[in-house]
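Data from final.tsv: TSV, C-alpha atoms
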chain	number	residue	atom	x	y	z
A	1237	MET	CA	2.10	56.89	82.96
A	1238	LYS	CA	-0.95	57.17	80.71
A	1239	THR	CA	-3.76	59.67	81.07
A	1240	GLY	CA	-7.33	58.70	81.73
A	1241	ARG	CA	-10.24	58.43	79.32
A	1242	LEU	CA	-10.66	62.21	79.16
A	1243	ALA	CA	-7.39	63.69	77.98
A	1244	ALA	CA	-8.53	67.14	79.10
A	1245	LEU	CA	-7.88	66.18	82.72
A	1246	LEU	CA	-4.17	66.51	82.02
A	1247	GLY	CA	-4.12	70.19	82.75
A	1248	LEU	CA	-5.73	73.56	83.13
A	1249	LEU	CA	-4.54	76.62	81.25
A	1250	LEU	CA	-6.17	79.85	82.34
A	1251	CYS	CA	-5.94	83.43	81.13
A	1252	ALA	CA	-7.17	85.64	83.96
A	1253	CYS	CA	-7.77	89.30	83.18
A	1254	SER	CA	-7.59	92.24	85.56
A	1255	ASN	CA	-11.37	92.78	85.58
A	1256	GLY	CA	-12.06	89.28	86.86
A	1257	VAL	CA	-13.42	88.05	83.52
A	1258	ALA	CA	-11.37	85.48	81.70
A	1259	VAL	CA	-11.35	82.93	78.94
A	1260	GLY	CA	-9.06	79.94	78.98
A	1261	VAL	CA	-8.16	77.06	76.74
A	1262	ALA	CA	-6.96	73.61	77.71
A	1263	SER	CA	-6.03	71.86	74.51
A	1264	ASN	CA	-3.26	69.71	73.19
A	1265	GLY	CA	-3.26	71.90	70.11
A	1266	GLY	CA	-2.57	75.24	71.78
A	1267	GLY	CA	-4.93	78.19	71.44
A	1268	SER	CA	-5.38	81.62	72.97
A	1269	ALA	CA	-4.05	80.50	76.34
A	1270	ALA	CA	-0.82	78.96	75.11
A	1271	PRO	CA	1.45	78.89	72.06
A	1272	ALA	CA	0.81	76.01	69.69
A	1273	THR	CA	3.92	74.21	70.89
A	1274	ALA	CA	2.98	74.27	74.56
A	1275	THR	CA	1.76	71.15	76.37
A	1276	PRO	CA	-0.85	71.57	79.12
A	1277	VAL	CA	0.41	70.51	82.54
A	1278	PRO	CA	-1.31	70.41	85.93
A	1279	GLY	CA	0.73	73.25	87.39
A	1280	GLY	CA	0.07	76.04	84.91
A	1281	ARG	CA	1.69	77.00	81.63
A	1282	PRO	CA	5.04	75.48	80.70
A	1283	SER	CA	7.85	78.04	80.73
A	1284	GLY	CA	10.03	76.03	78.38
A	1285	PRO	CA	12.09	72.83	78.36
A	1286	SER	CA	13.10	73.45	81.99
A	1287	GLY	CA	12.15	75.68	84.88
A	1288	PRO	CA	8.91	76.24	86.79
A	1289	PRO	CA	5.52	76.63	85.11
A	1290	ARG	CA	3.96	80.06	84.76
A	1291	TYR	CA	0.75	80.92	86.59
A	1292	ASP	CA	-1.61	83.73	85.67
A	1293	HIS	CA	-2.03	86.47	88.23
A	1294	TRP	CA	-5.55	87.04	89.54
A	1295	ASP	CA	-6.97	90.02	91.40
A	1296	MET	CA	-8.78	88.23	94.22
A	1297	SER	CA	-10.56	91.43	95.30
A	1298	LYS	CA	-12.88	90.84	92.32
A	1299	PRO	CA	-15.07	87.89	91.34
A	1300	ILE	CA	-13.32	85.25	89.28
A	1301	ARG	CA	-15.22	84.47	86.08
A	1302	ILE	CA	-13.45	82.00	83.81
A	1303	SER	CA	-14.50	79.86	80.87
A	1304	VAL	CA	-12.25	76.95	79.95
A	1305	ALA	CA	-12.54	75.11	76.66
A	1306	CYS	CA	-10.81	71.79	76.23
A	1307	ASP	CA	-10.65	69.25	73.48
A	1308	GLY	CA	-12.68	66.74	75.52
A	1309	MET	CA	-11.49	63.93	73.30
A	1310	LEU	CA	-12.20	60.47	74.64
A	1311	SER	CA	-9.44	57.95	74.21
A	1312	SER	CA	-9.86	55.44	71.41
A	1313	GLU	CA	-9.00	52.62	73.82
A	1314	PRO	CA	-11.94	50.44	74.94
A	1315	LEU	CA	-13.25	50.52	78.50
A	1316	GLN	CA	-11.63	47.15	79.17
A	1317	TYR	CA	-8.20	48.74	78.63
A	1318	PHE	CA	-8.80	51.33	81.33
A	1319	LEU	CA	-10.17	48.81	83.79
A	1320	LEU	CA	-7.10	46.63	83.18
A	1321	HIS	CA	-4.80	49.54	84.04
A	1322	THR	CA	-6.80	50.80	87.01
A	1323	GLY	CA	-5.54	50.21	90.54
A	1324	LEU	CA	-3.23	51.47	93.28
A	1325	THR	CA	0.15	50.67	91.80
A	1326	THR	CA	3.60	52.00	91.02
A	1327	SER	CA	4.56	49.08	88.80
A	1328	ASP	CA	2.16	49.65	85.90
A	1329	PRO	CA	3.53	52.28	83.48
A	1330	GLU	CA	0.15	52.21	81.72
A	1331	GLN	CA	-1.79	53.14	84.89
A	1332	THR	CA	-4.76	55.35	83.98
A	1333	ASP	CA	-6.84	55.45	87.16
A	1334	ARG	CA	-6.61	54.36	90.80
A	1335	ALA	CA	-10.03	52.81	91.31
A	1336	ALA	CA	-13.28	51.94	89.57
A	1337	ALA	CA	-16.57	51.41	91.37
A	1338	VAL	CA	-20.30	51.14	90.88
A	1339	VAL	CA	-21.75	54.04	92.87
A	1340	LYS	CA	-24.98	55.90	93.54
A	1341	VAL	CA	-24.95	59.72	93.68
A	1342	ILE	CA	-26.23	60.99	97.05
A	1343	ALA	CA	-25.11	64.66	97.11
A	1344	VAL	CA	-23.63	67.41	94.91
A	1345	GLY	CA	-21.63	70.48	95.96
A	1346	ALA	CA	-18.72	72.70	94.89
A	1347	ARG	CA	-15.41	73.92	96.33
A	1348	TRP	CA	-12.01	75.24	95.37
A	1349	ASN	CA	-9.22	72.73	94.78
A	1350	THR	CA	-7.08	74.27	97.52
A	1351	THR	CA	-5.98	72.06	100.41
A	1352	ASP	CA	-8.68	73.47	102.71
A	1353	GLY	CA	-11.26	73.88	99.94
A	1354	LEU	CA	-11.42	77.65	100.51
A	1355	ARG	CA	-11.00	80.51	98.04
A	1356	PRO	CA	-7.32	81.20	97.32
A	1357	THR	CA	-5.94	84.23	99.12
A	1358	GLN	CA	-4.24	87.04	97.24
A	1359	ALA	CA	-1.03	86.08	99.02
A	1360	TYR	CA	-1.26	82.54	97.59
A	1361	ILE	CA	-1.95	83.84	94.07
A	1362	ASP	CA	0.98	86.24	94.42
A	1363	ALA	CA	3.24	83.42	95.63
A	1364	LEU	CA	2.47	81.39	92.49
A	1365	GLN	CA	4.39	83.98	90.52
A	1366	HIS	CA	7.49	82.45	92.14
A	1367	PRO	CA	6.42	78.83	92.69
A	1368	THR	CA	8.33	76.26	94.69
A	1369	ALA	CA	8.37	72.60	93.73
A	1370	ALA	CA	7.48	69.91	96.25
A	1371	PRO	CA	10.20	67.46	97.36
A	1372	ASP	CA	8.98	64.98	94.71
A	1373	GLY	CA	9.48	67.59	91.99
A	1374	THR	CA	5.82	68.39	91.35
A	1375	TRP	CA	4.54	71.94	91.06
A	1376	PRO	CA	1.46	73.50	92.66
A	1377	VAL	CA	-1.83	72.71	90.96
A	1378	THR	CA	-3.44	75.63	89.16
A	1379	PRO	CA	-6.30	77.08	91.28
A	1380	ASN	CA	-9.64	75.78	90.08
A	1381	ILE	CA	-13.25	75.34	91.20
A	1382	VAL	CA	-14.52	71.78	91.18
A	1383	THR	CA	-17.94	70.19	91.54
A	1384	SER	CA	-18.06	67.55	94.26
A	1385	TYR	CA	-20.14	64.38	94.02
A	1386	THR	CA	-20.72	62.30	97.11
A	1387	PHE	CA	-21.19	58.66	96.17
A	1388	ARG	CA	-22.45	55.66	98.07
A	1389	ILE	CA	-20.24	52.79	97.01
A	1390	VAL	CA	-22.31	49.87	95.72
A	1391	ARG	CA	-19.26	47.76	94.91
A	1392	THR	CA	-15.63	48.35	94.06
A	1393	VAL	CA	-14.65	46.95	90.67
A	1394	ARG	CA	-10.93	47.80	90.63
A	1395	GLY	CA	-8.51	49.28	93.15
A	1396	ALA	CA	-9.51	50.19	96.69
A	1397	LEU	CA	-11.76	52.88	98.15
A	1398	PRO	CA	-12.05	53.88	101.81
A	1399	GLY	CA	-15.32	53.38	103.65
A	1400	SER	CA	-18.83	53.11	102.26
A	1401	THR	CA	-18.91	56.57	100.67
A	1402	VAL	CA	-16.43	58.62	98.65
A	1403	VAL	CA	-16.41	62.19	97.33
A	1404	GLY	CA	-15.17	62.61	93.76
A	1405	TYR	CA	-14.47	65.86	91.91
A	1406	ARG	CA	-14.99	67.21	88.41
A	1407	ASN	CA	-13.51	70.38	86.95
A	1408	GLY	CA	-15.77	73.42	87.01
A	1409	GLY	CA	-18.38	74.89	89.31
A	1410	VAL	CA	-19.64	77.96	91.15
A	1411	VAL	CA	-18.69	79.04	94.65
A	1412	GLY	CA	-20.24	82.32	95.80
A	1413	GLN	CA	-19.49	85.01	93.21
A	1414	ASP	CA	-16.76	82.94	91.57
A	1415	GLY	CA	-17.33	80.57	88.69
A	1416	ILE	CA	-15.13	78.45	86.44
A	1417	ALA	CA	-16.98	76.79	83.57
A	1418	TRP	CA	-15.47	73.91	81.61
A	1419	SER	CA	-16.83	72.96	78.20
A	1420	GLY	CA	-15.92	70.05	75.96
A	1421	CYS	CA	-14.80	67.87	78.89
A	1422	GLU	CA	-18.04	65.99	79.44
A	1423	THR	CA	-18.01	62.52	80.94
A	1424	THR	CA	-19.44	59.55	79.07
A	1425	ALA	CA	-22.65	59.83	81.13
A	1426	GLU	CA	-22.97	63.55	80.38
A	1427	ARG	CA	-22.55	62.85	76.68
A	1428	SER	CA	-25.19	60.11	76.70
A	1429	GLU	CA	-27.66	61.71	79.13
A	1430	HIS	CA	-27.00	65.31	78.05
A	1431	ALA	CA	-27.07	66.30	81.71
A	1432	ALA	CA	-24.84	66.37	84.76
A	1433	PRO	CA	-24.87	63.32	87.08
A	1434	VAL	CA	-28.21	62.99	88.85
A	1435	ILE	CA	-28.74	62.32	92.56
A	1436	GLY	CA	-30.13	58.81	92.98
A	1437	HIS	CA	-28.73	57.50	89.69
A	1438	THR	CA	-26.16	54.70	89.49
A	1439	TYR	CA	-22.89	54.94	87.57
A	1440	LEU	CA	-19.57	53.24	87.03
A	1441	VAL	CA	-16.95	55.80	88.05
A	1442	LEU	CA	-13.25	55.77	87.19
A	1443	PHE	CA	-11.35	57.61	89.91
A	1444	GLY	CA	-8.14	59.30	88.77
A	1445	PRO	CA	-5.57	61.51	90.47
A	1446	GLU	CA	-5.82	63.35	93.77
A	1447	LEU	CA	-7.57	66.71	93.73
A	1448	THR	CA	-4.80	68.79	95.29
A	1449	THR	CA	-1.77	67.10	93.73
A	1450	LEU	CA	-3.01	65.40	90.52
A	1451	GLY	CA	-0.89	62.43	91.57
A	1452	LEU	CA	-1.65	58.80	90.70
A	1453	GLY	CA	0.46	55.83	91.83
A	1454	ALA	CA	-0.25	53.72	94.89
A	1455	LYS	CA	-1.10	56.35	97.50
A	1456	PRO	CA	-4.46	55.74	99.20
A	1457	ILE	CA	-7.41	57.55	97.69
A	1458	GLN	CA	-8.58	60.55	99.72
A	1459	GLN	CA	-9.94	63.22	97.34
A	1460	PRO	CA	-10.05	61.64	93.88
A	1461	MET	CA	-10.77	63.42	90.64
A	1462	ILE	CA	-13.43	61.72	88.51
A	1463	ASP	CA	-11.78	60.60	85.30
A	1464	ASP	CA	-14.97	59.25	83.76
A	1465	LEU	CA	-18.52	58.46	84.81
A	1466	ILE	CA	-20.63	55.96	82.86
A	1467	GLN	CA	-24.36	55.37	83.21
A	1468	TYR	CA	-25.05	51.91	84.68
A	1469	ASN	CA	-28.24	49.84	85.02
A	1470	PRO	CA	-27.78	47.44	87.96
A	1471	ALA	CA	-30.86	45.43	86.96
A	1472	THR	CA	-29.37	44.46	83.59
A	1473	ASP	CA	-25.64	44.98	84.38
A	1474	VAL	CA	-25.46	47.21	81.28
A	1475	LEU	CA	-23.18	50.23	80.91
A	1476	THR	CA	-24.06	52.94	78.39
A	1477	ASP	CA	-20.57	53.46	76.98
A	1478	VAL	CA	-19.56	55.67	74.06
A	1479	THR	CA	-19.02	52.58	71.91
A	1480	GLY	CA	-22.48	51.22	72.75
A	1481	PRO	CA	-24.06	49.16	75.53
A	1482	ILE	CA	-21.75	46.71	77.28
A	1483	LYS	CA	-22.27	44.50	80.28
A	1484	LEU	CA	-19.98	45.26	83.19
A	1485	ALA	CA	-19.34	41.53	83.55
A	1486	ASP	CA	-18.02	41.49	79.98
A	1487	ALA	CA	-15.91	44.61	80.53
A	1488	THR	CA	-14.20	42.99	83.54
A	1489	LYS	CA	-13.99	39.47	82.11
A	1490	GLY	CA	-10.54	37.96	82.56
A	1491	LEU	CA	-9.27	40.74	84.83
A	1492	ALA	CA	-7.41	39.64	87.91
A	1493	PRO	CA	-8.56	41.19	91.20
A	1494	GLY	CA	-6.89	44.51	91.86

Rewrite the structure of this file - the entire thing - as structure tokens.
Amino acid sequence: MKTGRLAALLGLLLCACSNGVAVGVASNGGGSAAPATATPVPGGRPSGPSGPPRYDHWDMSKPIRISVACDGMLSSEPLQYFLLHTGLTTSDPEQTDRAAAVVKVIAVGARWNTTDGLRPTQAYIDALQHPTAAPDGTWPVTPNIVTSYTFRIVRTVRGALPGSTVVGYRNGGVVGQDGIAWSGCETTAERSEHAAPVIGHTYLVLFGPELTTLGLGAKPIQQPMIDDLIQYNPATDVLTDVTGPIKLADATKGLAPG
């Protein structure tokens, strides 16, 4: 199974210090948060060829302040490649995302990536020191703060989305006294507009894995992570992609429905 356009969404490696201030690195080349041979994974730091991942231990009685740097490298594949391999499926080994849609931003917020969206308890952080895998073999997702974007769906381009609105999530944000800042993981729109997504603006969004599991496949979309977000002009049908302007009609030309 391939990753999406932003390779940094593969994982989150955090180094949390006892005073609540931390610096982390998510990078395929290692760094201060992992040995150079380690590979970032959604559930924390790899412990070796086998065995559970390792999670850093946080003191939740103090504010969490973390900075995460990631390589933020966009894939060299064209947009058409990702649209081709976007959809709810278990039969495409090249699957990158579960849906793509033209959307308009109508609200912005922030939350933790826990199941209930609330701040992790100390008991939960303590339990991650001895993690238990789910029946499908996946490990718990590393605690993280995410920014939520509520979108009005203008039209679905690939895959399937529930209802007329959907909430997508991006790594990083502030909730109360806690903050996790990601740098180097900007979306295409953020790179071209030099700003976060704007309420009222229209974008093409590629929706990736689920927020609380980082799973892809064919399961219905409920809380999708935003893999990429590309500025779109509905009047001209033009996307402002990293490779230059491209019409959405051209990017989807020849693609079968799905």

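Going from atom CA of A:Asp1362 to atom CA of A:His1293 covers 6.9 Å.
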
Exercise. In Å, how far is it from atom CA of A:Leu1465 to atom CA of A:Thr1378?
Worked result: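 For atom CA of A:Leu1465 relative to atom CA of A:Thr1378, the distance reads 23.3 Å.
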
Exercise. Atom CA of A:Pro1481 to atom CA of A:Ala1396: how many Å, to one decimal?
Worked result: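 These two atoms are separated by 25.7 Å.
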
Closest atom pairs, residues of stretch 1300-1395 of chain A within 8 Å of stretch 1443-1451 of chain A, all atoms listed in the file, as CSV:
residue,atom,partner,partner_atom,distance
A:Thr1332,CA,A:Gly1444,CA,7.1
A:Asp1333,CA,A:Gly1444,CA,4.4
A:Arg1334,CA,A:Gly1444,CA,5.6
A:Ala1335,CA,A:Phe1443,CA,5.2
A:Ala1336,CA,A:Phe1443,CA,6.0
A:Asn1349,CA,A:Thr1448,CA,5.9
A:Thr1350,CA,A:Thr1448,CA,6.3
A:Thr1351,CA,A:Thr1448,CA,6.2
A:Pro1376,CA,A:Thr1449,CA,7.2
A:Val1377,CA,A:Thr1449,CA,6.3

For the selection you just gave me, I'd like the residues written to a file as a PDB file, keeping the file's coordinate frame, keeping C-alpha atoms.
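Generated file (again.pdb):
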ATOM      1  CA  THR A1332      -4.760  55.350  83.980  1.00  0.00           C
ATOM      2  CA  ASP A1333      -6.840  55.450  87.160  1.00  0.00           C
ATOM      3  CA  ARG A1334      -6.610  54.360  90.800  1.00  0.00           C
ATOM      4  CA  ALA A1335     -10.030  52.810  91.310  1.00  0.00           C
ATOM      5  CA  ALA A1336     -13.280  51.940  89.570  1.00  0.00           C
ATOM      6  CA  ASN A1349      -9.220  72.730  94.780  1.00  0.00           C
ATOM      7  CA  THR A1350      -7.080  74.270  97.520  1.00  0.00           C
ATOM      8  CA  THR A1351      -5.980  72.060 100.410  1.00  0.00           C
ATOM      9  CA  PRO A1376       1.460  73.500  92.660  1.00  0.00           C
ATOM     10  CA  VAL A1377      -1.830  72.710  90.960  1.00  0.00           C
TER      11      VAL A1377
END

For this session: Take the point (-21.0, 58.1, 82.2) in the file's coordinates, draw a sphere of radius 9 Å around it, and report as a PyMOL selection string every protein, DNA or RNA residue with an atom inside or on it, counting only C-alpha atoms.
Result: chain A and resi 1422-1429+1433+1439-1441+1464-1468+1475-1478

Using all atoms listed in the file, find each residue in stretch 1336-1433 of chain A having at least one atom no more than 10 Å away from stretch 1483-1492 of chain A; report its shortest atom-to-atom pair and that distance in Å (one decimal), rows by chain then rising number, as CSV.
residue,atom,partner,partner_atom,distance
A:Val1338,CA,A:Leu1484,CA,9.7
A:Val1393,CA,A:Thr1488,CA,8.2
A:Arg1394,CA,A:Thr1488,CA,9.2

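Using all atoms listed in the file, the nearest neighbour of A:Met1461 within the list A:His1437, A:Val1382, A:Ala1417, A:Gly1409 is A:Val1382.
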
Seminar exercise, completed: Shortest contact to A:Gly1373, candidates A:Arg1347, A:Pro1456, A:Thr1357, A:Pro1288, atoms counted all atoms listed in the file, goes to A:Pro1288

Problem set entry | Selected residue, from A:Gln1458, A:Thr1472, A:Thr1479, A:Ser1297, that lies nearest to A:Ala1359 when counting all atoms listed in the file |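 For A:Ala1359, the nearest of the candidates is A:Ser1297.
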
Problem set entry | For A:Thr1383: contacts at 12 Å, only C-alpha atoms, fewer than 4 positions along chain excluded, given as number ranges by chain | A: 1343-1349, 1353, 1403-1411, 1415-1418, 1432-1433, 1447, 1460-1462

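Across A:Arg1301, A:Leu1397, A:Trp1294, A:Asn1469, the tightest approach to A:Ala1363 is made by A:Trp1294 when counting only C-alpha atoms.
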
For this session: Rank A:Pro1356, A:Ser1419, A:Gly1436, A:Gln1413 by their smallest atom-to-atom distance to A:Lys1298, using all atoms listed in the file, and report the top residue only.
Result: A:Gln1413

Contact residues around A:Val1341 with only C-alpha atoms at 8 Å, ignoring same-chain residues under 4 positions, as a short mmCIF file (atom, residue, chain, number, x, y, z; two decimals) with C-alpha atoms, in the coordinates of the input:
data_model
loop_
_atom_site.label_atom_id
_atom_site.label_comp_id
_atom_site.auth_asym_id
_atom_site.auth_seq_id
_atom_site.Cartn_x
_atom_site.Cartn_y
_atom_site.Cartn_z
CA TYR A 1385 -20.14 64.38 94.02
CA THR A 1386 -20.72 62.30 97.11
CA PHE A 1387 -21.19 58.66 96.17
CA ARG A 1388 -22.45 55.66 98.07
CA PRO A 1433 -24.87 63.32 87.08
CA VAL A 1434 -28.21 62.99 88.85
CA ILE A 1435 -28.74 62.32 92.56
CA GLY A 1436 -30.13 58.81 92.98
CA HIS A 1437 -28.73 57.50 89.69
CA THR A 1438 -26.16 54.70 89.49
#
